Amino acid sequence: MPSVHRHTLSFNGDAFSIFSIFKDQPHPFFLDSSLHRSGGQFSYIGFAPFTTVRGKDLFKFKKVFDKYRIAASGLSFPAGAVGYLGYDGSLFFGLYDTVLSVDHRKKQLIISSFSKGRIQDILKCVFSGGSDLLNSKDETGPEDLRFKSNFTKAGYMKAVRQALEHIRRGDIYQINLSHQIKVQIRHWQRYTEPAAIYKNLRQAFPSEFGAYFDDGRQVILSASPERFLKLQNGIAQVKPMKGTRPRGKTKIQDRGLKEQLQKSPKEIAELLMVTDLERNDLGRVCDYASVEVKAMRTIETYASVFQATATVEGRLRHGCDQFDLLQATFPSGSVTGCPKIEAMKIIKKLEACPRGLYTGALGYMSFSGDMDFNVMIRTMFLDQKEITFHVGGGIVADSKPADEWQETWDKAKPLIETLKRSFL
């Protein structure tokens, strides 16, 4: 069993300044708690995994992962795997023997590694690397930046009405529908780089579960406000998010919109159904008597929206591990609907293109047994050809098609503003 070495130093800066030193290394990651609330004590940075796993077989990945398990070390993530499970079933993980942890509460930078020499190399880079080392681009931005959905407003409203018909017939109680938006800009790399876009994104929409991850084929930039699944010291937690209102332009509008969300029967019912689904999912691998709704409905405030969340926890059953928990709960019920399997069948029929990675999960699995994943919403995907993102929302019996279309664009606002700032 490998041993973990650790070096701790005081750090009162922005975690992005550490990430920027290593952003051009192979497969860099930045699990970014830029909004430091209850779940946002740590941000994690790493690069150059010692091996990678790509495919669609979670338990084939487990066979590789299990070779490197270690005893608990006092850190939730001293070393381990970082990557994603796509909604489409694909997976990619890098296995990292070195992790830089920024503790936002204690104002510390902790470097943990299987190798003392690696720690010393990183310390040299940290002390000599400066901060925010973003590559400048010679070309001015494009004259125009357009965002094209794969649905028209009429087409999306038709899909919502079809979903409502499934609800009326009793096939489902709720469903999440989305559409894909493509950023129409050719050769985007001429104008900026992914790290510069991500810097703008985290400033426009700070979140507890943000992320930058490069899988070698694409770069994922996430400002997700939603935790999918956490496991720490044997306690599993899911935090489904359902119900959205935009922020107001004045304090009075802000209070009014928040109150609308708090009192909306539609939004209350929507979150209740998903919470019940998530409770049952946890019950498949947790001691059933331990599964408990810790918070039924909390209104969280973000830069551009209000969101309603619930928190459900349970103690993982003896003999189960991270992989069993993932298999039992993925994908999150907040991005499918109820019942989950039937809702996913209808999603496949109604949405205009496959989701790919969107509404999958991105995060870490520690060799010591803990893990934490977001839900890949408010997330951009950048490859050599294009930039895309999806937006969606939950449909219940009293949903209004035009309102649902507008809600998706409210959610798109921070991504659109980020890209305009990055290119124009």
# chains A, B, ... in the order shown; residues from 1 in each chain; ligands from 1

call {"tool": "residues_around", "arguments": {"residues": "region 104-114 of chain A", "least_positions_apart": "2", "cutoff": "8 Å", "atoms": "only C-alpha atoms", "output": "number ranges by chain"}}
result
A: 2-12, 36, 40-43, 78-79, 97-102, 116, 118-119

call {"tool": "residues_around", "arguments": {"residues": "region 388-401 of chain A", "least_positions_apart": "3", "cutoff": "7 Å", "atoms": "only C-alpha atoms", "output": "list in words"}}
result
Met157, Val160, Arg161, Leu164, Ile167, Tyr173, Gln174, Ile175, Asn176, Leu177, Ser178, His179, Gln180, Ile181, Lys182, Val183, Lys266, Glu270, Tyr358, Thr379, Met380, Phe381, Leu382, Glu404, Trp405, Thr408, Lys411 and Ala412 of chain A

call {"tool": "closest_atom_pairs", "arguments": {"of": "region 19-128 of chain A", "to": "region 316-326 of chain A", "cutoff": "12 Å", "atoms": "only C-alpha atoms", "output": "CSV"}}
result
residue,atom,partner,partner_atom,distance
A:Asp57,CA,A:Phe323,CA,11.1
A:Leu58,CA,A:Phe323,CA,7.4
A:Phe59,CA,A:Phe323,CA,7.4
A:Lys60,CA,A:Phe323,CA,10.6
A:Phe61,CA,A:Phe323,CA,9.4
A:Lys62,CA,A:Phe323,CA,7.1
A:Lys63,CA,A:Phe323,CA,10.6
A:Phe65,CA,A:Phe323,CA,10.2
A:Asp66,CA,A:Phe323,CA,10.5
A:Arg69,CA,A:Asp321,CA,11.7
A:Ala81,CA,A:Gln322,CA,11.7
A:Tyr84,CA,A:Leu326,CA,11.4
A:Leu85,CA,A:Leu326,CA,9.5

call {"tool": "write_last_selection", "arguments": {"atoms": "all heavy atoms", "output": "tab-separated table (two decimals), in the first residue's frame"}}
result
chain	number	residue	atom	x	y	z
A	57	ASP	N	-17.19	1.00	-19.07
A	57	ASP	CA	-17.36	-0.06	-18.08
A	57	ASP	C	-16.84	0.43	-16.73
A	57	ASP	O	-15.63	0.47	-16.48
A	57	ASP	CB	-16.60	-1.31	-18.53
A	57	ASP	CG	-16.89	-2.53	-17.67
A	57	ASP	OD1	-17.24	-2.34	-16.49
A	57	ASP	OD2	-16.74	-3.66	-18.16
A	58	LEU	N	-17.77	0.80	-15.83
A	58	LEU	CA	-17.38	1.34	-14.53
A	58	LEU	C	-16.58	0.34	-13.72
A	58	LEU	O	-15.61	0.70	-13.04
A	58	LEU	CB	-18.64	1.76	-13.76
A	58	LEU	CG	-18.43	2.43	-12.41
A	58	LEU	CD1	-17.66	3.73	-12.54
A	58	LEU	CD2	-19.79	2.67	-11.72
A	59	PHE	N	-16.94	-0.93	-13.79
A	59	PHE	CA	-16.27	-1.91	-12.94
A	59	PHE	C	-14.95	-2.39	-13.55
A	59	PHE	O	-14.10	-2.93	-12.84
A	59	PHE	CB	-17.22	-3.05	-12.59
A	59	PHE	CG	-18.22	-2.60	-11.56
A	59	PHE	CD1	-19.42	-2.02	-11.93
A	59	PHE	CD2	-17.94	-2.71	-10.21
A	59	PHE	CE1	-20.32	-1.57	-10.98
A	59	PHE	CE2	-18.83	-2.26	-9.25
A	59	PHE	CZ	-20.03	-1.69	-9.63
A	60	LYS	N	-14.74	-2.17	-14.83
A	60	LYS	CA	-13.40	-2.36	-15.40
A	60	LYS	C	-12.47	-1.27	-14.87
A	60	LYS	O	-11.30	-1.53	-14.56
A	60	LYS	CB	-13.47	-2.30	-16.93
A	60	LYS	CG	-12.16	-2.62	-17.62
A	60	LYS	CD	-12.34	-2.66	-19.13
A	60	LYS	CE	-11.03	-3.00	-19.84
A	60	LYS	NZ	-11.21	-3.04	-21.32
A	61	PHE	N	-12.98	-0.08	-14.76
A	61	PHE	CA	-12.22	1.01	-14.14
A	61	PHE	C	-11.92	0.69	-12.68
A	61	PHE	O	-10.82	0.94	-12.17
A	61	PHE	CB	-13.00	2.32	-14.27
A	61	PHE	CG	-12.51	3.45	-13.42
A	61	PHE	CD1	-11.16	3.75	-13.33
A	61	PHE	CD2	-13.42	4.23	-12.72
A	61	PHE	CE1	-10.72	4.80	-12.55
A	61	PHE	CE2	-12.98	5.28	-11.93
A	61	PHE	CZ	-11.63	5.56	-11.84
A	62	LYS	N	-12.87	0.10	-11.97
A	62	LYS	CA	-12.68	-0.26	-10.56
A	62	LYS	C	-11.49	-1.19	-10.39
A	62	LYS	O	-10.72	-1.06	-9.41
A	62	LYS	CB	-13.95	-0.91	-10.01
A	62	LYS	CG	-13.82	-1.50	-8.61
A	62	LYS	CD	-15.14	-2.13	-8.16
A	62	LYS	CE	-14.96	-3.03	-6.96
A	62	LYS	NZ	-14.47	-2.33	-5.76
A	63	LYS	N	-11.30	-2.13	-11.31
A	63	LYS	CA	-10.17	-3.06	-11.20
A	63	LYS	C	-8.84	-2.33	-11.24
A	63	LYS	O	-7.88	-2.72	-10.56
A	63	LYS	CB	-10.24	-4.10	-12.32
A	63	LYS	CG	-11.40	-5.09	-12.17
A	63	LYS	CD	-11.41	-6.09	-13.33
A	63	LYS	CE	-12.57	-7.06	-13.18
A	63	LYS	NZ	-12.64	-8.03	-14.32
A	65	PHE	N	-8.49	0.97	-10.41
A	65	PHE	CA	-8.49	1.86	-9.25
A	65	PHE	C	-8.10	1.12	-7.96
A	65	PHE	O	-7.33	1.63	-7.14
A	65	PHE	CB	-9.88	2.48	-9.11
A	65	PHE	CG	-10.04	3.45	-7.99
A	65	PHE	CD1	-9.81	4.81	-8.19
A	65	PHE	CD2	-10.44	3.03	-6.72
A	65	PHE	CE1	-9.96	5.72	-7.15
A	65	PHE	CE2	-10.61	3.93	-5.68
A	65	PHE	CZ	-10.36	5.28	-5.90
A	66	ASP	N	-8.62	-0.09	-7.79
A	66	ASP	CA	-8.43	-0.83	-6.54
A	66	ASP	C	-6.97	-1.17	-6.26
A	66	ASP	O	-6.60	-1.42	-5.11
A	66	ASP	CB	-9.25	-2.12	-6.55
A	66	ASP	CG	-10.73	-1.87	-6.26
A	66	ASP	OD1	-11.08	-0.75	-5.85
A	66	ASP	OD2	-11.54	-2.81	-6.47
A	69	ARG	N	-5.47	1.62	-3.67
A	69	ARG	CA	-6.17	2.06	-2.46
A	69	ARG	C	-5.19	2.27	-1.30
A	69	ARG	O	-4.19	1.55	-1.18
A	69	ARG	CB	-7.25	1.07	-2.05
A	69	ARG	CG	-8.44	1.08	-3.01
A	69	ARG	CD	-9.62	0.34	-2.41
A	69	ARG	NE	-10.79	0.36	-3.29
A	69	ARG	CZ	-11.70	1.31	-3.31
A	69	ARG	NH1	-11.57	2.35	-2.49
A	69	ARG	NH2	-12.73	1.24	-4.12
A	81	ALA	N	-8.52	9.42	-8.30
A	81	ALA	CA	-8.97	9.57	-9.67
A	81	ALA	C	-9.80	10.83	-9.81
A	81	ALA	O	-10.62	11.15	-8.93
A	81	ALA	CB	-9.79	8.36	-10.11
A	84	TYR	N	-14.90	11.95	-15.17
A	84	TYR	CA	-16.34	12.09	-15.32
A	84	TYR	C	-17.01	10.79	-15.71
A	84	TYR	O	-16.39	9.88	-16.30
A	84	TYR	CB	-16.67	13.16	-16.36
A	84	TYR	CG	-16.07	12.91	-17.74
A	84	TYR	CD1	-16.60	11.94	-18.60
A	84	TYR	CD2	-14.98	13.65	-18.19
A	84	TYR	CE1	-16.06	11.72	-19.86
A	84	TYR	CE2	-14.43	13.44	-19.45
A	84	TYR	CZ	-14.98	12.48	-20.28
A	84	TYR	OH	-14.42	12.25	-21.53
A	85	LEU	N	-18.29	10.74	-15.39
A	85	LEU	CA	-19.23	9.78	-15.96
A	85	LEU	C	-20.20	10.58	-16.80
A	85	LEU	O	-20.88	11.48	-16.28
A	85	LEU	CB	-19.99	9.05	-14.85
A	85	LEU	CG	-19.19	8.19	-13.87
A	85	LEU	CD1	-20.09	7.73	-12.74
A	85	LEU	CD2	-18.59	6.99	-14.59

call {"tool": "closest_residue", "arguments": {"among": "A:Arg255, A:Lys199, A:Lys239, A:Lys263", "to": "Arg279 (chain A)", "atoms": "only C-alpha atoms"}}
result
A:Lys239

call {"tool": "closest_residue", "arguments": {"among": "A:Ile185, A:Ile341, A:Ile122, A:Ala223", "to": "Arg202 (chain A)", "atoms": "only C-alpha atoms"}}
result
A:Ala223

call {"tool": "select_by_dssp", "arguments": {"residues": "region 160-366 of chain A", "states": "helix (DSSP H, G or I)", "output": "ChimeraX atom specification"}}
result
/A:160-169,188-190,194-204,251-263,265-283,288-290,322-329,333-335,340-350

call {"tool": "closest_residue", "arguments": {"among": "A:Val312, A:Met376, A:Ala343, A:Leu261", "to": "Ser290 (chain A)", "atoms": "only C-alpha atoms"}}
result
A:Val312

call {"tool": "atom_distance", "arguments": {"atom1": "CA of Ile197 (chain A)", "atom2": "CA of Leu31 (chain A)"}}
result
15.5 Å

call {"tool": "closest_atom_pairs", "arguments": {"of": "region 309-415 of chain A", "to": "region 419-424 of chain A", "cutoff": "10 Å", "atoms": "only C-alpha atoms", "output": "tab-separated table"}}
result
residue	atom	partner	partner_atom	distance
A:Met380	CA	A:Leu419	CA	10.0
A:Ile387	CA	A:Leu419	CA	9.7
A:Pro414	CA	A:Leu419	CA	8.6
A:Leu415	CA	A:Leu419	CA	6.3

call {"tool": "atom_distance", "arguments": {"atom1": "CA of Asn150 (chain A)", "atom2": "CA of Ala352 (chain A)"}}
result
6.6 Å

call {"tool": "residues_around", "arguments": {"residues": "Ile172 (chain A)", "least_positions_apart": "2", "cutoff": "9 Å", "atoms": "only C-alpha atoms", "output": "number ranges by chain"}}
result
A: 163, 166-170, 174-175, 337-340, 342-343

call {"tool": "closest_residue", "arguments": {"among": "A:Thr192, A:Ala402, A:Ser304, A:Ser115", "to": "Lys249 (chain A)", "atoms": "only C-alpha atoms"}}
result
A:Ser304

call {"tool": "closest_residue", "arguments": {"among": "A:Gly333, A:Pro246, A:Gly234, A:Gly13", "to": "Val274 (chain A)", "atoms": "only C-alpha atoms"}}
result
A:Gly333

call {"tool": "atom_distance", "arguments": {"atom1": "CA of Trp409 (chain A)", "atom2": "CA of Thr329 (chain A)"}}
result
28.1 Å

call {"tool": "closest_residue", "arguments": {"among": "A:Ile235, A:Ala295, A:Met371, A:Ala154", "to": "Leu282 (chain A)", "atoms": "only C-alpha atoms"}}
result
A:Ile235

call {"tool": "decode", "arguments": {"residues": "region 203-250 of chain A", "atoms": "N, CA and C atoms", "output": "PDB file, in the first residue's frame"}}
result
ATOM      1  N   GLN A 203     -15.749  33.978 -12.256  1.00  0.00           N
ATOM      2  CA  GLN A 203     -16.018  35.321 -11.758  1.00  0.00           C
ATOM      3  C   GLN A 203     -17.482  35.697 -11.959  1.00  0.00           C
ATOM      4  N   ALA A 204     -18.052  35.276 -13.098  1.00  0.00           N
ATOM      5  CA  ALA A 204     -19.452  35.592 -13.393  1.00  0.00           C
ATOM      6  C   ALA A 204     -20.414  34.736 -12.588  1.00  0.00           C
ATOM      7  N   PHE A 205     -20.024  33.497 -12.306  1.00  0.00           N
ATOM      8  CA  PHE A 205     -20.928  32.569 -11.635  1.00  0.00           C
ATOM      9  C   PHE A 205     -20.144  31.700 -10.667  1.00  0.00           C
ATOM     10  N   PRO A 206     -19.671  32.270  -9.552  1.00  0.00           N
ATOM     11  CA  PRO A 206     -18.949  31.448  -8.562  1.00  0.00           C
ATOM     12  C   PRO A 206     -19.851  30.347  -8.031  1.00  0.00           C
ATOM     13  N   SER A 207     -19.275  29.173  -7.823  1.00  0.00           N
ATOM     14  CA  SER A 207     -20.064  28.029  -7.379  1.00  0.00           C
ATOM     15  C   SER A 207     -19.214  27.140  -6.483  1.00  0.00           C
ATOM     16  N   GLU A 208     -19.886  26.296  -5.714  1.00  0.00           N
ATOM     17  CA  GLU A 208     -19.175  25.351  -4.850  1.00  0.00           C
ATOM     18  C   GLU A 208     -18.613  24.178  -5.637  1.00  0.00           C
ATOM     19  N   PHE A 209     -19.167  23.896  -6.811  1.00  0.00           N
ATOM     20  CA  PHE A 209     -18.824  22.672  -7.525  1.00  0.00           C
ATOM     21  C   PHE A 209     -18.351  22.971  -8.941  1.00  0.00           C
ATOM     22  N   GLY A 210     -17.587  24.064  -9.096  1.00  0.00           N
ATOM     23  CA  GLY A 210     -17.007  24.402 -10.380  1.00  0.00           C
ATOM     24  C   GLY A 210     -15.863  23.454 -10.732  1.00  0.00           C
ATOM     25  N   ALA A 211     -15.495  23.435 -12.012  1.00  0.00           N
ATOM     26  CA  ALA A 211     -14.421  22.532 -12.428  1.00  0.00           C
ATOM     27  C   ALA A 211     -13.864  22.912 -13.786  1.00  0.00           C
ATOM     28  N   TYR A 212     -12.567  22.664 -13.933  1.00  0.00           N
ATOM     29  CA  TYR A 212     -11.855  22.698 -15.214  1.00  0.00           C
ATOM     30  C   TYR A 212     -11.227  21.325 -15.346  1.00  0.00           C
ATOM     31  N   PHE A 213     -11.470  20.659 -16.480  1.00  0.00           N
ATOM     32  CA  PHE A 213     -10.883  19.334 -16.679  1.00  0.00           C
ATOM     33  C   PHE A 213     -10.600  19.116 -18.156  1.00  0.00           C
ATOM     34  N   ASP A 214      -9.396  18.643 -18.446  1.00  0.00           N
ATOM     35  CA  ASP A 214      -8.950  18.382 -19.817  1.00  0.00           C
ATOM     36  C   ASP A 214      -8.743  16.882 -19.977  1.00  0.00           C
ATOM     37  N   ASP A 215      -9.593  16.249 -20.797  1.00  0.00           N
ATOM     38  CA  ASP A 215      -9.460  14.799 -20.979  1.00  0.00           C
ATOM     39  C   ASP A 215      -8.589  14.429 -22.180  1.00  0.00           C
ATOM     40  N   GLY A 216      -7.969  15.435 -22.794  1.00  0.00           N
ATOM     41  CA  GLY A 216      -7.110  15.183 -23.941  1.00  0.00           C
ATOM     42  C   GLY A 216      -7.817  15.316 -25.266  1.00  0.00           C
ATOM     43  N   ARG A 217      -9.134  15.233 -25.267  1.00  0.00           N
ATOM     44  CA  ARG A 217      -9.938  15.411 -26.481  1.00  0.00           C
ATOM     45  C   ARG A 217     -10.801  16.667 -26.402  1.00  0.00           C
ATOM     46  N   GLN A 218     -11.171  17.036 -25.195  1.00  0.00           N
ATOM     47  CA  GLN A 218     -11.977  18.230 -24.989  1.00  0.00           C
ATOM     48  C   GLN A 218     -11.658  18.794 -23.610  1.00  0.00           C
ATOM     49  N   VAL A 219     -12.017  20.047 -23.429  1.00  0.00           N
ATOM     50  CA  VAL A 219     -11.881  20.698 -22.131  1.00  0.00           C
ATOM     51  C   VAL A 219     -13.272  20.988 -21.605  1.00  0.00           C
ATOM     52  N   ILE A 220     -13.498  20.646 -20.345  1.00  0.00           N
ATOM     53  CA  ILE A 220     -14.784  20.843 -19.692  1.00  0.00           C
ATOM     54  C   ILE A 220     -14.642  22.002 -18.719  1.00  0.00           C
ATOM     55  N   LEU A 221     -15.522  22.994 -18.860  1.00  0.00           N
ATOM     56  CA  LEU A 221     -15.553  24.152 -17.971  1.00  0.00           C
ATOM     57  C   LEU A 221     -16.910  24.172 -17.291  1.00  0.00           C
ATOM     58  N   SER A 222     -16.938  23.976 -15.988  1.00  0.00           N
ATOM     59  CA  SER A 222     -18.202  23.817 -15.282  1.00  0.00           C
ATOM     60  C   SER A 222     -18.352  24.855 -14.184  1.00  0.00           C
ATOM     61  N   ALA A 223     -19.532  25.473 -14.141  1.00  0.00           N
ATOM     62  CA  ALA A 223     -19.910  26.346 -13.027  1.00  0.00           C
ATOM     63  C   ALA A 223     -21.103  25.730 -12.317  1.00  0.00           C
ATOM     64  N   SER A 224     -21.062  24.425 -12.121  1.00  0.00           N
ATOM     65  CA  SER A 224     -22.213  23.721 -11.560  1.00  0.00           C
ATOM     66  C   SER A 224     -22.500  24.175 -10.129  1.00  0.00           C
ATOM     67  N   PRO A 225     -23.752  24.501  -9.836  1.00  0.00           N
ATOM     68  CA  PRO A 225     -24.135  24.798  -8.459  1.00  0.00           C
ATOM     69  C   PRO A 225     -24.595  23.562  -7.695  1.00  0.00           C
ATOM     70  N   GLU A 226     -24.604  22.395  -8.373  1.00  0.00           N
ATOM     71  CA  GLU A 226     -25.270  21.223  -7.789  1.00  0.00           C
ATOM     72  C   GLU A 226     -24.300  20.089  -7.506  1.00  0.00           C
ATOM     73  N   ARG A 227     -24.326  19.641  -6.261  1.00  0.00           N
ATOM     74  CA  ARG A 227     -23.619  18.403  -5.915  1.00  0.00           C
ATOM     75  C   ARG A 227     -24.472  17.214  -6.329  1.00  0.00           C
ATOM     76  N   PHE A 228     -23.843  16.255  -7.013  1.00  0.00           N
ATOM     77  CA  PHE A 228     -24.522  15.005  -7.315  1.00  0.00           C
ATOM     78  C   PHE A 228     -24.403  14.049  -6.143  1.00  0.00           C
ATOM     79  N   LEU A 229     -23.154  13.781  -5.720  1.00  0.00           N
ATOM     80  CA  LEU A 229     -22.944  12.696  -4.773  1.00  0.00           C
ATOM     81  C   LEU A 229     -21.627  12.902  -4.034  1.00  0.00           C
ATOM     82  N   LYS A 230     -21.704  12.821  -2.723  1.00  0.00           N
ATOM     83  CA  LYS A 230     -20.511  12.899  -1.882  1.00  0.00           C
ATOM     84  C   LYS A 230     -20.473  11.688  -0.967  1.00  0.00           C
ATOM     85  N   LEU A 231     -19.266  11.167  -0.737  1.00  0.00           N
ATOM     86  CA  LEU A 231     -19.056  10.106   0.244  1.00  0.00           C
ATOM     87  C   LEU A 231     -17.878  10.518   1.109  1.00  0.00           C
ATOM     88  N   GLN A 232     -18.115  10.659   2.405  1.00  0.00           N
ATOM     89  CA  GLN A 232     -17.047  11.045   3.323  1.00  0.00           C
ATOM     90  C   GLN A 232     -17.228  10.289   4.631  1.00  0.00           C
ATOM     91  N   ASN A 233     -16.183   9.542   5.007  1.00  0.00           N
ATOM     92  CA  ASN A 233     -16.205   8.749   6.244  1.00  0.00           C
ATOM     93  C   ASN A 233     -17.424   7.835   6.304  1.00  0.00           C
ATOM     94  N   GLY A 234     -17.789   7.276   5.158  1.00  0.00           N
ATOM     95  CA  GLY A 234     -18.878   6.314   5.103  1.00  0.00           C
ATOM     96  C   GLY A 234     -20.268   6.907   4.990  1.00  0.00           C
ATOM     97  N   ILE A 235     -20.396   8.254   5.010  1.00  0.00           N
ATOM     98  CA  ILE A 235     -21.688   8.910   4.893  1.00  0.00           C
ATOM     99  C   ILE A 235     -21.866   9.409   3.461  1.00  0.00           C
ATOM    100  N   ALA A 236     -22.927   8.931   2.806  1.00  0.00           N
ATOM    101  CA  ALA A 236     -23.236   9.346   1.441  1.00  0.00           C
ATOM    102  C   ALA A 236     -24.230  10.492   1.485  1.00  0.00           C
ATOM    103  N   GLN A 237     -24.027  11.468   0.596  1.00  0.00           N
ATOM    104  CA  GLN A 237     -24.930  12.617   0.530  1.00  0.00           C
ATOM    105  C   GLN A 237     -25.262  12.929  -0.914  1.00  0.00           C
ATOM    106  N   VAL A 238     -26.537  13.146  -1.195  1.00  0.00           N
ATOM    107  CA  VAL A 238     -26.979  13.691  -2.479  1.00  0.00           C
ATOM    108  C   VAL A 238     -27.669  15.018  -2.188  1.00  0.00           C
ATOM    109  N   LYS A 239     -27.604  15.921  -3.159  1.00  0.00           N
ATOM    110  CA  LYS A 239     -28.158  17.263  -2.944  1.00  0.00           C
ATOM    111  C   LYS A 239     -28.891  17.710  -4.201  1.00  0.00           C
ATOM    112  N   PRO A 240     -30.070  17.131  -4.475  1.00  0.00           N
ATOM    113  CA  PRO A 240     -30.791  17.479  -5.709  1.00  0.00           C
ATOM    114  C   PRO A 240     -31.240  18.934  -5.706  1.00  0.00           C
ATOM    115  N   MET A 241     -31.250  19.515  -6.905  1.00  0.00           N
ATOM    116  CA  MET A 241     -31.608  20.922  -7.096  1.00  0.00           C
ATOM    117  C   MET A 241     -32.761  20.993  -8.075  1.00  0.00           C
ATOM    118  N   LYS A 242     -33.859  21.575  -7.640  1.00  0.00           N
ATOM    119  CA  LYS A 242     -35.029  21.727  -8.501  1.00  0.00           C
ATOM    120  C   LYS A 242     -35.757  23.008  -8.125  1.00  0.00           C
ATOM    121  N   GLY A 243     -35.958  23.857  -9.107  1.00  0.00           N
ATOM    122  CA  GLY A 243     -36.643  25.123  -8.893  1.00  0.00           C
ATOM    123  C   GLY A 243     -35.686  26.281  -9.083  1.00  0.00           C
ATOM    124  N   THR A 244     -36.029  27.177 -10.024  1.00  0.00           N
ATOM    125  CA  THR A 244     -35.140  28.279 -10.388  1.00  0.00           C
ATOM    126  C   THR A 244     -35.942  29.562 -10.565  1.00  0.00           C
ATOM    127  N   ARG A 245     -35.349  30.667 -10.147  1.00  0.00           N
ATOM    128  CA  ARG A 245     -35.845  31.996 -10.485  1.00  0.00           C
ATOM    129  C   ARG A 245     -34.636  32.874 -10.821  1.00  0.00           C
ATOM    130  N   PRO A 246     -34.769  33.773 -11.792  1.00  0.00           N
ATOM    131  CA  PRO A 246     -33.673  34.704 -12.067  1.00  0.00           C
ATOM    132  C   PRO A 246     -33.541  35.715 -10.932  1.00  0.00           C
ATOM    133  N   ARG A 247     -32.362  36.299 -10.792  1.00  0.00           N
ATOM    134  CA  ARG A 247     -32.167  37.393  -9.843  1.00  0.00           C
ATOM    135  C   ARG A 247     -32.834  38.655 -10.374  1.00  0.00           C
ATOM    136  N   GLY A 248     -33.308  39.505  -9.461  1.00  0.00           N
ATOM    137  CA  GLY A 248     -33.930  40.753  -9.854  1.00  0.00           C
ATOM    138  C   GLY A 248     -32.920  41.851 -10.119  1.00  0.00           C
ATOM    139  N   LYS A 249     -33.367  42.893 -10.786  1.00  0.00           N
ATOM    140  CA  LYS A 249     -32.500  44.034 -11.077  1.00  0.00           C
ATOM    141  C   LYS A 249     -32.407  44.990  -9.892  1.00  0.00           C
ATOM    142  N   THR A 250     -33.362  44.910  -8.968  1.00  0.00           N
ATOM    143  CA  THR A 250     -33.347  45.727  -7.759  1.00  0.00           C
ATOM    144  C   THR A 250     -33.527  44.809  -6.554  1.00  0.00           C
TER     145      THR A 250
END
